[in-house]
>>> print(open('data_25.cif').read())   # mmCIF, C-alpha atoms
data_target
loop_
_atom_site.label_atom_id
_atom_site.label_comp_id
_atom_site.auth_asym_id
_atom_site.auth_seq_id
_atom_site.Cartn_x
_atom_site.Cartn_y
_atom_site.Cartn_z
CA MET A 22 7.92 122.57 -95.30
CA SER A 23 9.86 119.32 -95.68
CA GLU A 24 7.86 116.11 -95.24
CA GLU A 25 10.96 114.29 -94.04
CA ASN A 26 10.25 112.10 -91.00
CA ILE A 27 6.47 112.53 -91.52
CA THR A 28 4.15 109.60 -92.29
CA ARG A 29 0.50 110.16 -93.24
CA ILE A 30 -2.09 107.43 -92.71
CA TYR A 31 -5.76 107.62 -93.71
CA LEU A 32 -7.87 105.24 -91.65
CA ASP A 33 -11.64 105.04 -91.05
CA GLY A 34 -12.22 108.67 -92.03
CA LYS A 35 -9.26 109.90 -89.96
CA GLU A 36 -6.06 111.53 -91.07
CA ILE A 37 -3.19 110.41 -88.82
CA ILE A 38 0.14 112.22 -89.08
CA LEU A 39 3.12 110.48 -87.47
CA ILE A 40 6.18 112.65 -86.77
CA GLY A 41 9.21 110.39 -86.36
CA THR A 42 11.59 112.41 -84.20
CA ALA A 43 14.91 111.47 -85.78
CA HIS A 44 16.94 114.04 -83.81
CA VAL A 45 17.13 114.56 -80.07
CA SER A 46 17.71 118.22 -80.73
CA ARG A 47 16.16 121.61 -81.33
CA GLN A 48 15.66 120.63 -84.98
CA SER A 49 13.15 117.93 -84.06
CA ALA A 50 11.32 120.25 -81.69
CA ASP A 51 11.08 122.89 -84.45
CA GLN A 52 9.58 120.36 -86.84
CA VAL A 53 7.03 119.25 -84.24
CA LYS A 54 6.03 122.90 -83.70
CA GLU A 55 5.70 123.59 -87.44
CA VAL A 56 3.60 120.49 -88.15
CA ILE A 57 1.16 121.04 -85.29
CA GLU A 58 0.69 124.73 -86.11
CA ARG A 59 0.18 124.00 -89.81
CA GLU A 60 -2.10 120.98 -89.45
CA ASN A 61 -4.13 122.33 -86.50
CA PRO A 62 -5.13 118.80 -85.36
CA ASP A 63 -8.00 117.82 -83.09
CA SER A 64 -5.64 115.88 -80.86
CA VAL A 65 -1.90 115.39 -80.37
CA CYS A 66 -0.54 112.05 -79.19
CA ILE A 67 2.71 112.14 -77.23
CA GLU A 68 4.99 109.17 -76.61
CA LEU A 69 4.76 109.57 -72.83
CA ASP A 70 2.88 107.89 -70.01
CA GLU A 71 1.31 109.74 -67.07
CA GLN A 72 4.37 109.33 -64.84
CA ARG A 73 6.83 110.73 -67.40
CA TYR A 74 4.37 113.49 -68.34
CA GLN A 75 4.09 114.66 -64.72
CA SER A 76 7.87 114.53 -64.41
CA ILE A 77 8.25 116.81 -67.45
CA MET A 78 5.50 119.22 -66.40
CA ASP A 79 6.69 119.56 -62.81
CA ASN A 80 10.43 119.97 -62.54
CA ASN A 81 10.08 120.53 -58.79
CA LYS A 82 8.44 117.14 -58.22
CA TRP A 83 11.66 115.72 -56.70
CA LYS A 84 11.40 118.25 -53.87
CA GLU A 85 8.14 116.66 -52.72
CA THR A 86 9.62 113.14 -52.48
CA ASP A 87 9.12 111.58 -49.07
CA ILE A 88 12.26 109.47 -48.64
CA PHE A 89 10.75 107.61 -45.66
CA LYS A 90 7.72 106.66 -47.79
CA VAL A 91 10.01 105.46 -50.61
CA ILE A 92 11.78 103.07 -48.20
CA LYS A 93 8.58 101.84 -46.54
CA GLU A 94 6.97 101.13 -49.93
CA LYS A 95 10.09 99.16 -51.00
CA LYS A 96 10.77 101.49 -53.93
CA ALA A 97 14.38 102.45 -53.10
CA THR A 98 15.91 100.21 -55.79
CA LEU A 99 13.39 101.39 -58.39
CA LEU A 100 14.10 105.05 -57.60
CA LEU A 101 17.84 104.41 -57.76
CA MET A 102 17.43 102.78 -61.20
CA ASN A 103 15.37 105.75 -62.44
CA LEU A 104 18.10 108.09 -61.22
CA ALA A 105 20.66 105.90 -62.97
CA ILE A 106 18.85 106.32 -66.30
CA SER A 107 18.61 110.05 -65.60
CA SER A 108 22.40 110.06 -65.16
CA PHE A 109 22.80 108.43 -68.59
CA GLN A 110 20.58 111.14 -70.14
CA ASN A 111 22.48 113.94 -68.43
CA ARG A 112 25.83 112.61 -69.65
CA MET A 113 24.56 112.57 -73.23
CA ALA A 114 22.98 116.00 -72.85
CA LYS A 115 26.16 117.58 -71.51
CA GLN A 116 28.41 116.13 -74.19
CA PHE A 117 26.26 117.24 -77.13
CA ASP A 118 24.43 120.19 -75.58
CA ILE A 119 21.03 118.64 -76.24
CA LYS A 120 17.94 118.12 -74.14
CA PRO A 121 16.45 114.61 -74.41
CA GLY A 122 12.68 114.73 -74.79
CA GLN A 123 12.61 118.32 -76.04
CA GLU A 124 10.38 117.31 -78.96
CA MET A 125 7.83 115.83 -76.53
CA ILE A 126 7.84 119.04 -74.46
CA GLN A 127 7.32 121.05 -77.65
CA GLY A 128 4.48 118.74 -78.70
CA ILE A 129 2.68 119.39 -75.40
CA ALA A 130 3.20 123.17 -75.66
CA SER A 131 2.09 123.36 -79.32
CA ALA A 132 -0.99 121.20 -78.67
CA LYS A 133 -2.07 123.64 -75.95
CA GLU A 134 -1.47 126.61 -78.25
CA VAL A 135 -3.76 125.27 -81.01
CA GLY A 136 -6.34 123.94 -78.54
CA ALA A 137 -5.78 120.27 -79.42
CA GLU A 138 -6.47 117.52 -76.93
CA ILE A 139 -3.30 115.94 -75.52
CA VAL A 140 -3.26 112.12 -75.51
CA LEU A 141 -0.58 110.35 -73.47
CA ALA A 142 -0.12 107.40 -75.80
CA ASP A 143 2.69 105.32 -74.30
CA ARG A 144 2.29 102.40 -71.92
CA ASN A 145 3.05 102.92 -68.23
CA ILE A 146 6.81 102.68 -67.82
CA GLN A 147 6.47 100.47 -64.73
CA VAL A 148 4.41 97.95 -66.74
CA THR A 149 7.11 97.92 -69.44
CA PHE A 150 9.85 97.38 -66.84
CA SER A 151 7.79 94.61 -65.18
CA ARG A 152 7.31 92.80 -68.48
CA ILE A 153 11.02 93.20 -69.33
CA TRP A 154 11.96 91.86 -65.87
CA HIS A 155 9.58 88.93 -66.28
CA ASN A 156 11.37 87.89 -69.50
CA LEU A 157 14.74 87.54 -67.76
CA GLY A 158 16.14 84.70 -65.71
CA TRP A 159 18.33 85.23 -62.64
CA ILE A 160 21.48 85.52 -64.75
CA GLY A 161 19.83 87.95 -67.15
CA LYS A 162 18.58 90.15 -64.31
CA SER A 163 22.05 90.28 -62.78
CA GLN A 164 23.61 91.13 -66.15
CA LEU A 165 21.05 93.86 -66.81
CA LEU A 166 21.60 95.54 -63.43
CA THR A 167 25.38 95.28 -63.79
CA SER A 168 25.26 96.62 -67.36
CA VAL A 169 23.11 99.62 -66.42
CA PHE A 170 25.15 100.36 -63.27
CA PHE A 171 28.53 100.40 -65.03
CA SER A 172 27.21 102.36 -68.01
CA ILE A 173 26.14 105.12 -65.61
CA PHE A 174 29.64 105.82 -64.39
CA SER A 175 31.49 105.10 -67.59
CA LYS A 176 33.72 108.01 -68.55
CA ASP A 177 33.69 106.98 -72.19
CA THR A 178 32.28 109.67 -74.43
CA ILE A 179 29.53 108.91 -76.91
CA SER A 180 30.70 109.00 -80.52
CA GLU A 181 28.85 110.94 -83.22
CA GLU A 182 27.93 107.61 -84.83
CA GLU A 183 26.42 106.32 -81.57
CA LEU A 184 24.51 109.57 -81.13
CA GLU A 185 23.04 109.26 -84.63
CA LYS A 186 21.88 105.77 -83.66
CA MET A 187 20.27 107.13 -80.50
CA LYS A 188 18.44 109.76 -82.51
CA THR A 189 16.29 107.00 -83.99
CA GLN A 190 15.46 105.51 -80.60
CA ASP A 191 13.47 106.62 -77.60
CA THR A 192 15.05 106.86 -74.16
CA LEU A 193 14.24 103.32 -73.06
CA ASN A 194 15.49 101.85 -76.32
CA ALA A 195 18.72 103.88 -76.14
CA VAL A 196 19.56 102.83 -72.59
CA LEU A 197 18.78 99.15 -73.15
CA ALA A 198 19.75 98.83 -76.84
CA GLU A 199 22.94 96.84 -76.31
CA PHE A 200 21.29 94.54 -73.81
CA THR A 201 18.35 93.94 -76.17
CA ALA A 202 20.83 92.74 -78.80
CA SER A 203 22.17 90.17 -76.33
CA PHE A 204 18.69 89.13 -75.19
CA PRO A 205 16.35 89.16 -78.23
CA LYS A 206 13.36 88.29 -76.00
CA LEU A 207 13.44 91.85 -74.64
CA LYS A 208 12.50 93.28 -78.04
CA THR A 209 8.91 92.12 -77.54
CA PRO A 210 8.05 94.07 -74.36
CA LEU A 211 10.38 97.00 -75.10
CA ILE A 212 9.51 97.71 -78.73
CA ASP A 213 6.90 95.42 -80.33
CA GLU A 214 4.30 95.63 -77.54
CA ARG A 215 4.74 99.39 -77.25
CA ASP A 216 4.27 99.73 -81.01
CA GLN A 217 0.94 97.91 -80.60
CA TYR A 218 -0.06 100.01 -77.58
CA LEU A 219 0.89 103.31 -79.23
CA ALA A 220 -0.91 102.34 -82.46
CA GLN A 221 -4.20 101.67 -80.66
CA LYS A 222 -4.01 104.86 -78.56
CA ILE A 223 -3.31 106.92 -81.69
CA LYS A 224 -6.17 105.25 -83.57
CA ASP A 225 -8.56 105.89 -80.65
CA ALA A 226 -7.53 109.55 -80.25
CA PRO A 227 -10.52 111.93 -80.63
CA GLY A 228 -11.13 113.98 -83.77
CA GLU A 229 -10.69 113.56 -87.50
CA LYS A 230 -7.10 114.78 -87.61
CA VAL A 231 -4.47 113.39 -85.24
CA VAL A 232 -0.78 114.24 -84.95
CA ALA A 233 1.50 111.81 -83.09
CA VAL A 234 4.98 112.74 -81.83
CA LEU A 235 7.09 109.57 -81.67
CA GLY A 236 10.63 108.24 -81.60
CA ALA A 237 11.42 107.30 -85.21
CA ALA A 238 12.13 103.69 -84.17
CA HIS A 239 8.42 103.17 -83.46
CA VAL A 240 7.07 104.53 -86.75
CA PRO A 241 7.59 101.40 -88.94
CA GLY A 242 5.91 99.14 -86.36
CA ILE A 243 3.01 101.54 -85.76
CA THR A 244 2.25 101.88 -89.49
CA VAL A 245 1.65 98.11 -89.53
CA GLU A 246 -0.05 97.66 -86.15
CA ILE A 247 -2.44 100.60 -86.55
CA HIS A 248 -4.45 98.57 -89.08
CA LYS A 249 -5.14 95.89 -86.43
CA GLU A 250 -7.20 95.94 -83.24
CA GLN A 251 -4.99 95.77 -80.15
CA ASP A 252 -6.01 94.57 -76.68
CA LEU A 253 -4.81 97.41 -74.41
CA GLU A 254 -5.93 95.58 -71.28
CA LYS A 255 -3.79 92.59 -72.16
CA LEU A 256 -0.82 94.79 -73.11
CA SER A 257 -1.13 96.65 -69.77
CA ALA A 258 -1.26 93.53 -67.61
CA VAL A 259 1.60 93.08 -65.15
CA PRO A 260 2.91 89.47 -65.32
CA PRO A 261 2.03 87.44 -62.21
CA LYS A 262 4.90 86.96 -59.82
CA SER A 263 6.33 83.46 -59.70
CA ILE A 264 5.57 81.51 -56.55
CA VAL A 265 9.04 79.88 -56.61
CA PRO A 266 10.92 82.83 -55.01
CA LYS A 267 8.28 82.89 -52.23
CA ILE A 268 8.69 79.19 -51.57
CA ILE A 269 12.49 79.54 -51.50
CA GLY A 270 12.23 82.72 -49.44
CA TRP A 271 10.28 80.96 -46.68
CA SER A 272 11.91 77.53 -46.97
CA LEU A 273 15.52 78.64 -46.42
CA PRO A 274 14.91 80.54 -43.14
CA VAL A 275 12.79 77.64 -41.83
CA LEU A 276 15.55 75.18 -42.79
CA ILE A 277 18.22 77.28 -41.05
CA VAL A 278 16.16 77.62 -37.84
CA VAL A 279 15.36 73.89 -37.81
CA LEU A 280 19.03 72.96 -38.33
CA MET A 281 20.06 75.30 -35.50
CA ILE A 282 17.50 73.78 -33.13
CA PHE A 283 18.51 70.21 -33.99
CA THR A 284 22.20 71.03 -33.59
CA PHE A 285 21.64 72.82 -30.29
CA PHE A 286 19.75 69.88 -28.75
CA ALA A 287 22.34 67.40 -30.04
CA ASN A 288 25.35 69.50 -29.11
CA PRO A 289 24.67 72.84 -27.30
CA SER A 290 28.23 74.03 -27.87
CA ALA A 291 27.98 73.44 -31.64
CA GLY A 292 24.52 75.05 -31.64
CA LEU A 293 25.98 78.14 -29.99
CA ASP A 294 28.77 78.22 -32.59
CA GLN A 295 26.12 78.08 -35.31
CA ALA A 296 24.22 81.01 -33.82
CA ILE A 297 27.37 83.11 -33.42
CA SER A 298 28.46 82.31 -36.99
CA TRP A 299 25.02 83.28 -38.31
CA ILE A 300 25.00 86.58 -36.41
CA LEU A 301 28.55 87.49 -37.41
CA TRP A 302 28.21 86.64 -41.10
CA THR A 303 24.81 88.25 -41.70
CA GLY A 304 25.42 91.23 -39.43
CA THR A 305 28.96 91.96 -40.56
CA MET A 306 28.20 91.73 -44.28
CA ALA A 307 25.12 93.98 -43.96
CA ALA A 308 27.17 96.48 -41.95
CA ILE A 309 29.89 96.41 -44.64
CA GLY A 310 27.21 97.26 -47.23
CA ALA A 311 26.03 100.24 -45.18
CA ALA A 312 29.65 101.31 -44.68
CA VAL A 313 30.41 101.08 -48.43
CA ALA A 314 27.45 103.45 -48.93
CA LEU A 315 29.16 105.76 -46.39
CA GLY A 316 26.20 105.41 -44.06
CA HIS A 317 25.93 107.12 -40.67
CA PRO A 318 27.57 105.07 -37.84
CA LEU A 319 24.12 104.37 -36.38
CA ALA A 320 22.89 103.17 -39.80
CA ILE A 321 25.87 100.78 -39.96
CA LEU A 322 25.17 99.56 -36.40
CA SER A 323 21.46 99.11 -37.14
CA ALA A 324 22.37 97.05 -40.24
CA PHE A 325 24.51 94.76 -38.07
CA ILE A 326 21.77 94.33 -35.44
CA ALA A 327 18.87 93.92 -37.88
CA ALA A 328 20.44 91.55 -40.44
CA PRO A 329 20.51 88.32 -38.35
CA ILE A 330 16.77 88.81 -37.64
CA THR A 331 15.54 90.13 -41.00
CA ALA A 332 17.48 87.41 -42.85
CA LEU A 333 15.13 84.88 -41.26
CA HIS A 334 12.02 86.72 -42.47
CA PRO A 335 11.60 87.03 -46.28
CA ILE A 336 9.26 90.05 -46.02
CA LEU A 337 11.78 92.10 -44.01
CA ALA A 338 15.16 93.49 -45.08
CA SER A 339 18.03 94.96 -43.10
CA GLY A 340 18.45 97.68 -45.75
CA TRP A 341 15.07 99.16 -44.88
CA VAL A 342 16.09 99.45 -41.24
CA SER A 343 19.49 101.01 -41.95
CA GLY A 344 17.96 103.23 -44.66
CA LEU A 345 15.34 104.61 -42.28
CA VAL A 346 18.03 105.28 -39.66
CA GLN A 347 20.20 106.98 -42.30
CA ALA A 348 17.26 109.15 -43.46
CA PHE A 349 16.49 110.10 -39.85
CA MET A 350 20.11 110.94 -38.95
CA LYS A 351 20.99 112.63 -42.26
CA ARG A 352 17.61 113.87 -43.49
CA PRO A 353 17.76 115.08 -47.13
CA THR A 354 17.07 118.79 -47.57
CA ILE A 355 15.37 120.69 -50.39
CA ALA A 356 18.87 121.62 -51.60
CA ASP A 357 19.70 117.90 -52.02
CA PHE A 358 16.64 117.42 -54.24
CA GLU A 359 17.47 120.57 -56.22
CA THR A 360 20.99 119.32 -57.03
CA LEU A 361 19.91 115.71 -57.58
CA SER A 362 19.89 115.84 -61.38
CA GLU A 363 23.48 117.15 -61.39
CA ASP A 364 24.79 114.95 -58.57
CA VAL A 365 23.73 111.68 -60.24
CA PHE A 366 26.09 112.52 -63.10
CA THR A 367 29.15 111.29 -61.15
CA ILE A 368 30.07 108.58 -58.66
CA LYS A 369 31.14 111.23 -56.17
CA GLY A 370 27.79 112.98 -56.55
CA PHE A 371 25.88 109.75 -55.99
CA TRP A 372 27.62 109.27 -52.64
CA LYS A 373 27.59 112.98 -51.68
CA ASN A 374 23.90 113.74 -52.17
CA LYS A 375 21.87 112.82 -49.08
CA VAL A 376 18.97 111.47 -51.18
CA THR A 377 21.05 109.00 -53.17
CA ARG A 378 23.14 108.23 -50.05
CA VAL A 379 19.98 106.94 -48.33
CA LEU A 380 19.07 104.86 -51.39
CA LEU A 381 22.60 103.46 -51.57
CA VAL A 382 22.46 102.52 -47.88
CA VAL A 383 19.22 100.60 -48.50
CA VAL A 384 20.40 98.83 -51.66
CA LEU A 385 23.98 98.03 -50.61
CA THR A 386 22.97 96.87 -47.11
CA ASN A 387 20.49 94.47 -48.71
CA LEU A 388 22.99 93.35 -51.34
CA PHE A 389 25.83 92.63 -48.91
CA GLY A 390 23.34 91.26 -46.38
CA SER A 391 22.12 88.71 -48.93
CA LEU A 392 25.71 87.59 -49.44
CA GLY A 393 26.09 87.26 -45.65
CA THR A 394 22.91 85.21 -45.48
CA PHE A 395 24.25 82.83 -48.12
CA ILE A 396 27.63 82.40 -46.38
CA GLY A 397 26.13 82.23 -42.89
CA GLY A 398 23.51 79.71 -44.03
CA ALA A 399 26.18 77.55 -45.64
CA ASP A 400 28.15 77.57 -42.37
CA VAL A 401 25.05 76.56 -40.38
CA ILE A 402 24.59 73.58 -42.72
CA ARG A 403 28.30 72.70 -42.43
CA VAL A 404 28.19 72.62 -38.61
CA PHE A 405 24.98 70.57 -38.69
CA PHE A 406 26.48 67.83 -40.88
CA LYS A 407 29.70 67.91 -38.91
CA ASN A 408 27.77 67.01 -35.75
CA PHE A 409 25.51 64.39 -37.30
#
>>> encode(input="data_25.cif", output="structure tokens")
Amino acid sequence: MSEENITRIYLDGKEIILIGTAHVSRQSADQVKEVIERENPDSVCIELDEQRYQSIMDNNKWKETDIFKVIKEKKATLLLMNLAISSFQNRMAKQFDIKPGQEMIQGIASAKEVGAEIVLADRNIQVTFSRIWHNLGWIGKSQLLTSVFFSIFSKDTISEEELEKMKTQDTLNAVLAEFTASFPKLKTPLIDERDQYLAQKIKDAPGEKVVAVLGAAHVPGITVEIHKEQDLEKLSAVPPKSIVPKIIGWSLPVLIVVLMIFTFFANPSAGLDQAISWILWTGTMAAIGAAVALGHPLAILSAFIAAPITALHPILASGWVSGLVQAFMKRPTIADFETLSEDVFTIKGFWKNKVTRVLLVVVLTNLFGSLGTFIGGADVIRVFFKNF
């Protein structure tokens, strides 16, 4: 059998065989199967974390999603982003009739067949996203979200040359490749740190013979890092949240309330104008967000009512209120979860499916509501200075 894409490392009495999956295709899966059956390793390391492993092993997991719990735990945006990446994968799969991650699925199946221990060797995807997010400023975060959002719905087909490039990357690298080129700092948490994490997990895998199934992009880094000791605890740490957003989040509402009170006592008529302006700007913009998401009329109304209040409390958000109302009035069914993977492939599907509709109501209400808060707050300040 060809040794192409296979790297052998002998380290501390262990034989470590790295399979660099250079093709997101049946060919890669076949090679993974052949190597594992021939080598009969003690353990097989897969480039997956627990979350992605469970997702692969249980295709019906979406059906168990509690949409109310997602909103209450403030995970609507995160779930929408995960669905967005899923949309990107589906578009690529449909165009080239391939199944992303097939080699990982084959690695799991073959490991079970030969009785090898399965080691989930990749870092938790949420930790990776947190460390990527931490490396971006406000502008970078906005650009990343915009870039991912527009790439989802792009009707441009992927060229053969671009596909060949993707064959040497894992899913995360493929989705964020262009952005990483623009922001070199992202290479550290996305690639370098994961090379270090994967190397240590592979080195620590039980037995004298270990096979690792990896995206080919990680193989060069792992062959270097595997000879060093890596601190997994440090690599798994979630960066502490900056206190600045909290300070701003509490300071602005306090400032607005104080300005309203001062204005009202100095000039009750102007104070009333301030209050009306605040209610109209925050409420109307939040309602527009819910309407753009094609929310239920009661979800739109709840966005309008909640926004002027939630905008003054940094822990609350009008999108959560409108989202919960939307989920209650248009509760997603099992059928919605079953068609989710297909629906996220198009803009129409995103708005048609009741699951993504709820998520869109949450996200867009919050987005437009934030804009309303900014405009309404600016008007409150304008009226204050006008009267003093």
>>> resolve_selection(input="data_25.cif", expression="the PyMOL selection byres ((chain A and resi 332) around 10)", output="JSON list (two decimals) with C-alpha atoms, keeping the file's coordinate frame")
[["chain", "number", "residue", "atom", "x", "y", "z"],
["A", 270, "GLY", "CA", 12.23, 82.72, -49.44],
["A", 273, "LEU", "CA", 15.52, 78.64, -46.42],
["A", 274, "PRO", "CA", 14.91, 80.54, -43.14],
["A", 299, "TRP", "CA", 25.02, 83.28, -38.31],
["A", 300, "ILE", "CA", 25.00, 86.58, -36.41],
["A", 303, "THR", "CA", 24.81, 88.25, -41.70],
["A", 304, "GLY", "CA", 25.42, 91.23, -39.43],
["A", 327, "ALA", "CA", 18.87, 93.92, -37.88],
["A", 328, "ALA", "CA", 20.44, 91.55, -40.44],
["A", 329, "PRO", "CA", 20.51, 88.32, -38.35],
["A", 330, "ILE", "CA", 16.77, 88.81, -37.64],
["A", 331, "THR", "CA", 15.54, 90.13, -41.00],
["A", 333, "LEU", "CA", 15.13, 84.88, -41.26],
["A", 334, "HIS", "CA", 12.02, 86.72, -42.47],
["A", 335, "PRO", "CA", 11.60, 87.03, -46.28],
["A", 336, "ILE", "CA", 9.26, 90.05, -46.02],
["A", 337, "LEU", "CA", 11.78, 92.10, -44.01],
["A", 338, "ALA", "CA", 15.16, 93.49, -45.08],
["A", 339, "SER", "CA", 18.03, 94.96, -43.10],
["A", 387, "ASN", "CA", 20.49, 94.47, -48.71],
["A", 390, "GLY", "CA", 23.34, 91.26, -46.38],
["A", 391, "SER", "CA", 22.12, 88.71, -48.93],
["A", 393, "GLY", "CA", 26.09, 87.26, -45.65],
["A", 394, "THR", "CA", 22.91, 85.21, -45.48],
["A", 395, "PHE", "CA", 24.25, 82.83, -48.12],
["A", 398, "GLY", "CA", 23.51, 79.71, -44.03]]
>>> atom_distance(input="data_25.cif", atom1="atom CA of Thr42 of chain A", atom2="atom CA of Asn156 of chain A")
28.6 Å
>>> atom_distance(input="data_25.cif", atom1="atom CA of Arg378 of chain A", atom2="atom CA of Val342 of chain A")
14.3 Å
>>> closest_residue(input="data_25.cif", among="A:Gln217, A:Gln123, A:Gln52, A:Thr244", to="Leu32 of chain A", atoms="all atoms listed in the file")
A:Thr244
>>> closest_residue(input="data_25.cif", among="A:Ala258, A:Ala233, A:Cys66, A:Leu385", to="Val313 of chain A", atoms="all atoms listed in the file")
A:Leu385
>>> resolve_selection(input="data_25.cif", expression="the PyMOL selection byres ((chain A and resi 310) around 8)", output="PyMOL selection string")
chain A and resi 306-309+311-314+382+385-390
>>> resolve_selection(input="data_25.cif", expression="the PyMOL selection byres ((chain A and resi 252) around 12)", output="mmCIF file with C-alpha atoms, keeping the file's coordinate frame")
data_model
loop_
_atom_site.group_PDB
_atom_site.id
_atom_site.type_symbol
_atom_site.label_atom_id
_atom_site.label_comp_id
_atom_site.auth_asym_id
_atom_site.auth_seq_id
_atom_site.Cartn_x
_atom_site.Cartn_y
_atom_site.Cartn_z
ATOM 1 C CA GLU A 214 4.300 95.630 -77.540
ATOM 2 C CA ARG A 215 4.740 99.390 -77.250
ATOM 3 C CA GLN A 217 0.940 97.910 -80.600
ATOM 4 C CA TYR A 218 -0.060 100.010 -77.580
ATOM 5 C CA LEU A 219 0.890 103.310 -79.230
ATOM 6 C CA ALA A 220 -0.910 102.340 -82.460
ATOM 7 C CA GLN A 221 -4.200 101.670 -80.660
ATOM 8 C CA LYS A 222 -4.010 104.860 -78.560
ATOM 9 C CA GLU A 246 -0.050 97.660 -86.150
ATOM 10 C CA LYS A 249 -5.140 95.890 -86.430
ATOM 11 C CA GLU A 250 -7.200 95.940 -83.240
ATOM 12 C CA GLN A 251 -4.990 95.770 -80.150
ATOM 13 C CA LEU A 253 -4.810 97.410 -74.410
ATOM 14 C CA GLU A 254 -5.930 95.580 -71.280
ATOM 15 C CA LYS A 255 -3.790 92.590 -72.160
ATOM 16 C CA LEU A 256 -0.820 94.790 -73.110
ATOM 17 C CA SER A 257 -1.130 96.650 -69.770
ATOM 18 C CA ALA A 258 -1.260 93.530 -67.610
#
>>> closest_residue(input="data_25.cif", among="A:Leu207, A:Ile146, A:Val234, A:Ala137", to="Ile67 of chain A", atoms="only C-alpha atoms")
A:Val234
>>> closest_residue(input="data_25.cif", among="A:Val65, A:Gln75, A:Lys93, A:Trp271", to="Ala132 of chain A", atoms="all atoms listed in the file")
A:Val65
>>> atom_distance(input="data_25.cif", atom1="atom CA of Lys224 of chain A", atom2="atom CA of Ala50 of chain A")
23.1 Å
>>> closest_residue(input="data_25.cif", among="A:Val140, A:Ala348, A:Ala356, A:Leu315", to="Lys369 of chain A", atoms="all atoms listed in the file")
A:Leu315
>>> residues_near_point(input="data_25.cif", point="(4.8, 110.2, -85.4)", cutoff="8 Å", atoms="all atoms listed in the file", output="ChimeraX atom specification")
/A:27-28,38-42,232-237,240
>>> closest_residue(input="data_25.cif", among="A:Ile268, A:Ala399, A:Ile92, A:Val346", to="Ser298 of chain A", atoms="only C-alpha atoms")
A:Ala399
